[in-house]
Amino acid sequence: IETLVPFFPLHLPHNLAAIKALAERHPALPQVACFDNSFHRTLPRVAQWFALPRPLFEQGVRRYGFHGLSYEFIARALPEYAPKARCVIVAHLGSGASLCALRDGESVESTLGFSGLDGLPMGTRPGALDPGVLLYLLQASGMDAKAIEKLLYTESGLLGVSGISNDMRDLLASNDSKAAEAVDLFVYHIAKNLGALAAVLEGIDALVFTAGIGEHAAEIRERVCRRAEWLGI
């Protein structure tokens with residue numbers, strides 16, 4: 001796990017801290033690590049590639065996908081509620097947010113790729129970003145890698161756009177126009193990526209919402225579904 005920290009710097013150090021602390025207190029106690037990327041091992045090879053030189057792919061620079069533990073639960077539970085749904089898009093909407101396309105319960109595409117920064121805007125993360133922005137920050141703004149890491153992981157997303165909060169509850173309750181713009185941006189990118197995943201699946205039988213916003217923010221669910229009426233929702 002330590003060798004993977006450069007790939008996943010936001011989460012793995014915290015995971016390791018708990019593992020090490022427990023190992024010191026209870027050295028004989030077995031510990032099991034469940035990687036949420038593993039659910040996405042069924043991604044077709046074409047969905048794993050970046051259009052970068054091939055040696056980088058062989059070094060591990062590829063699209064992995066995240067939130068797999070959540071998606072695996074949905075894939076197992078959904079047949080009880082929609083047994084005929086083969087092509088399903090799951091919206092894991094929380095402080096971290098992503099969409100996943102399932103075909104017959106297996107992941108075939110996800111909005112998260114190499115890191116937890118891709119895809120949808122999140123609580124404090126920007127989602128998909130033109131790499132040219134990073135080059136600009138490095139070359140023209142004089143920011144170093146640490147400063148950019150802080151910007152991308154803790155200062156962007158709903159918090160960065162609104163300047164108010166990373167919590168959807170605060171934004172929905174606010175009368176500030178910047179809060180409304182942050183919510184609009186969130187819904188826009190969900191709807192946009194929903195269309196992309198529907199194209200990958202060549203249709204959609206069910207849309208599932210989960211995680212904190214997906215479960216509790218009825219207004220967000222309604223707005224997403226209205227924008228997806230063209231899909232038959």
# chains A, B, ... in the order shown; residues from 1 in each chain; ligands from 1
call {"tool": "closest_atom_pairs", "arguments": {"of": "segment 116-144 of chain A", "to": "segment 188-191 of chain A", "cutoff": "9 Å", "atoms": "only C-alpha atoms", "output": "CSV"}}
result
residue,atom,partner,partner_atom,distance
A:Gly119,CA,A:His189,CA,8.2
A:Leu120,CA,A:His189,CA,5.9
A:Pro121,CA,A:His189,CA,7.3
call {"tool": "select_by_dssp", "arguments": {"residues": "segment 39-227 of chain A", "states": "helix (DSSP H, G or I)", "output": "PyMOL selection string"}}
result
chain A and resi 39-42+45-48+54-58+68-81+131-139+145-154+157-162+168-173+177-201+211-216+218-227
call {"tool": "residues_around", "arguments": {"residues": "Val46 of chain A", "least_positions_apart": "5", "cutoff": "12 Å", "atoms": "only C-alpha atoms", "output": "list in words"}}
result
Ala51, Phe57, Arg62, Arg63, Val108, Glu109 and Val200 of chain A
call {"tool": "closest_residue", "arguments": {"among": "A:Leu135, A:Leu207, A:Leu151, A:Ala218", "to": "Gly232 of chain A", "atoms": "only C-alpha atoms"}}
result
A:Leu207
call {"tool": "closest_residue", "arguments": {"among": "A:Tyr153, A:Phe186, A:Tyr71, A:Phe39", "to": "Pro9 of chain A", "atoms": "only C-alpha atoms"}}
result
A:Tyr153
call {"tool": "residues_around", "arguments": {"residues": "Gly68 of chain A", "least_positions_apart": "5", "cutoff": "9 Å", "atoms": "only C-alpha atoms", "output": "list in words"}}
result
Phe35, Asp36, Asn37, Ser38, Phe39, His40, Phe73 and Ser107 of chain A
call {"tool": "write_last_selection", "arguments": {"atoms": "all heavy atoms", "output": "compact mmCIF listing (two decimals), in the first residue's frame"}}
result
# COMPACT_ATOMS: atom_id res chain seq x y z
N PHE A 35 -9.76 -2.70 -1.71
CA PHE A 35 -9.51 -1.61 -2.65
C PHE A 35 -10.77 -1.37 -3.49
O PHE A 35 -11.24 -2.28 -4.18
CB PHE A 35 -8.34 -1.97 -3.56
CG PHE A 35 -7.01 -1.93 -2.86
CD1 PHE A 35 -6.57 -3.02 -2.11
CD2 PHE A 35 -6.21 -0.80 -2.93
CE1 PHE A 35 -5.35 -2.99 -1.46
CE2 PHE A 35 -4.98 -0.77 -2.28
CZ PHE A 35 -4.55 -1.86 -1.55
N ASP A 36 -11.28 -0.13 -3.42
CA ASP A 36 -12.52 0.10 -4.17
C ASP A 36 -12.29 0.19 -5.67
O ASP A 36 -13.23 0.23 -6.45
CB ASP A 36 -13.28 1.31 -3.63
CG ASP A 36 -12.61 2.65 -3.91
OD1 ASP A 36 -11.50 2.66 -4.46
OD2 ASP A 36 -13.22 3.69 -3.57
N ASN A 37 -11.02 0.20 -6.10
CA ASN A 37 -10.74 0.14 -7.54
C ASN A 37 -11.05 -1.24 -8.12
O ASN A 37 -11.30 -1.36 -9.32
CB ASN A 37 -9.25 0.42 -7.82
CG ASN A 37 -8.73 1.59 -7.04
OD1 ASN A 37 -8.31 1.41 -5.91
ND2 ASN A 37 -8.76 2.77 -7.62
N SER A 38 -11.01 -2.26 -7.29
CA SER A 38 -11.07 -3.63 -7.82
C SER A 38 -12.40 -3.90 -8.52
O SER A 38 -12.45 -4.73 -9.44
CB SER A 38 -10.85 -4.65 -6.70
OG SER A 38 -11.87 -4.58 -5.73
N PHE A 39 -13.48 -3.23 -8.13
CA PHE A 39 -14.76 -3.44 -8.79
C PHE A 39 -14.68 -3.05 -10.26
O PHE A 39 -15.40 -3.59 -11.11
CB PHE A 39 -15.86 -2.64 -8.09
CG PHE A 39 -17.22 -2.80 -8.72
CD1 PHE A 39 -17.92 -3.99 -8.62
CD2 PHE A 39 -17.79 -1.75 -9.44
CE1 PHE A 39 -19.17 -4.14 -9.21
CE2 PHE A 39 -19.03 -1.89 -10.03
CZ PHE A 39 -19.72 -3.09 -9.92
N HIS A 40 -13.80 -2.11 -10.59
CA HIS A 40 -13.70 -1.60 -11.95
C HIS A 40 -12.71 -2.39 -12.80
O HIS A 40 -12.37 -1.96 -13.91
CB HIS A 40 -13.31 -0.13 -11.93
CG HIS A 40 -14.27 0.75 -11.21
ND1 HIS A 40 -15.52 1.06 -11.71
CD2 HIS A 40 -14.18 1.38 -10.01
CE1 HIS A 40 -16.16 1.85 -10.85
NE2 HIS A 40 -15.37 2.06 -9.81
N PHE A 73 -22.05 -2.76 -3.97
CA PHE A 73 -23.26 -2.96 -3.18
C PHE A 73 -24.51 -2.73 -4.04
O PHE A 73 -25.46 -3.51 -4.01
CB PHE A 73 -23.28 -2.02 -1.98
CG PHE A 73 -24.62 -1.99 -1.28
CD1 PHE A 73 -25.00 -3.02 -0.44
CD2 PHE A 73 -25.52 -0.96 -1.50
CE1 PHE A 73 -26.24 -3.02 0.18
CE2 PHE A 73 -26.77 -0.95 -0.90
CZ PHE A 73 -27.12 -1.98 -0.05
N SER A 107 -18.90 -3.14 -14.01
CA SER A 107 -18.49 -1.80 -14.39
C SER A 107 -17.88 -1.81 -15.79
O SER A 107 -16.99 -2.59 -16.09
CB SER A 107 -17.46 -1.26 -13.39
OG SER A 107 -16.92 -0.03 -13.82
call {"tool": "closest_residue", "arguments": {"among": "A:Ala211, A:Ala18, A:Val224, A:Leu197", "to": "Leu99 of chain A", "atoms": "only C-alpha atoms"}}
result
A:Leu197
call {"tool": "atom_distance", "arguments": {"atom1": "atom CA of Asp118 of chain A", "atom2": "atom CA of Ser98 of chain A"}}
result
8.5 Å
call {"tool": "atom_distance", "arguments": {"atom1": "atom CA of Ser165 of chain A", "atom2": "atom CA of Val133 of chain A"}}
result
23.4 Å
call {"tool": "atom_distance", "arguments": {"atom1": "atom CA of Ser156 of chain A", "atom2": "atom CA of His92 of chain A"}}
result
18.8 Å
call {"tool": "closest_residue", "arguments": {"among": "A:Ser174, A:Cys87, A:Leu158, A:Glu215", "to": "Gly203 of chain A", "atoms": "only C-alpha atoms"}}
result
A:Cys87
call {"tool": "residues_around", "arguments": {"residues": "Gly212 of chain A", "least_positions_apart": "3", "cutoff": "8 Å", "atoms": "only C-alpha atoms", "output": "PyMOL selection string"}}
result
chain A and resi 93-95+215-217
call {"tool": "closest_residue", "arguments": {"among": "A:Gly123, A:Pro53, A:Pro44, A:Pro79", "to": "Gly163 of chain A", "atoms": "only C-alpha atoms"}}
result
A:Gly123
call {"tool": "closest_residue", "arguments": {"among": "A:Ile74, A:Ile148, A:Ala182, A:Ala97", "to": "Gly214 of chain A", "atoms": "only C-alpha atoms"}}
result
A:Ala97
call {"tool": "select_by_dssp", "arguments": {"residues": "segment 25-230 of chain A", "states": "strand (DSSP E)", "output": "ChimeraX atom specification"}}
result
/A:87-93,97-103,106-110,206-210
call {"tool": "residues_around", "arguments": {"residues": "Glu202 of chain A", "least_positions_apart": "2", "cutoff": "12 Å", "atoms": "only C-alpha atoms", "output": "PDB file with C-alpha atoms, in the first residue's frame"}}
result
ATOM      1  CA  ARG A  86     -29.279  -4.586 -17.565  1.00  0.00           C
ATOM      2  CA  CYS A  87     -27.889  -1.152 -18.486  1.00  0.00           C
ATOM      3  CA  VAL A  88     -27.676   0.936 -15.332  1.00  0.00           C
ATOM      4  CA  ILE A  89     -26.032   4.224 -14.407  1.00  0.00           C
ATOM      5  CA  ALA A 101     -22.044   2.581 -16.013  1.00  0.00           C
ATOM      6  CA  LEU A 102     -23.010  -1.016 -15.206  1.00  0.00           C
ATOM      7  CA  ARG A 103     -23.848  -3.665 -17.755  1.00  0.00           C
ATOM      8  CA  VAL A 108     -17.826  -0.785 -17.998  1.00  0.00           C
ATOM      9  CA  LEU A 194     -24.986  10.863 -17.701  1.00  0.00           C
ATOM     10  CA  GLY A 195     -25.405  11.325 -21.443  1.00  0.00           C
ATOM     11  CA  ALA A 196     -21.859  10.103 -22.079  1.00  0.00           C
ATOM     12  CA  LEU A 197     -22.343   6.942 -20.024  1.00  0.00           C
ATOM     13  CA  ALA A 198     -25.711   6.280 -21.672  1.00  0.00           C
ATOM     14  CA  ALA A 199     -23.862   6.421 -24.996  1.00  0.00           C
ATOM     15  CA  VAL A 200     -21.317   3.872 -23.755  1.00  0.00           C
ATOM     16  CA  ILE A 204     -30.264   3.009 -20.018  1.00  0.00           C
ATOM     17  CA  ASP A 205     -32.730   0.878 -18.069  1.00  0.00           C
ATOM     18  CA  LEU A 231     -33.306   9.396 -22.025  1.00  0.00           C
TER      19      LEU A 231
END
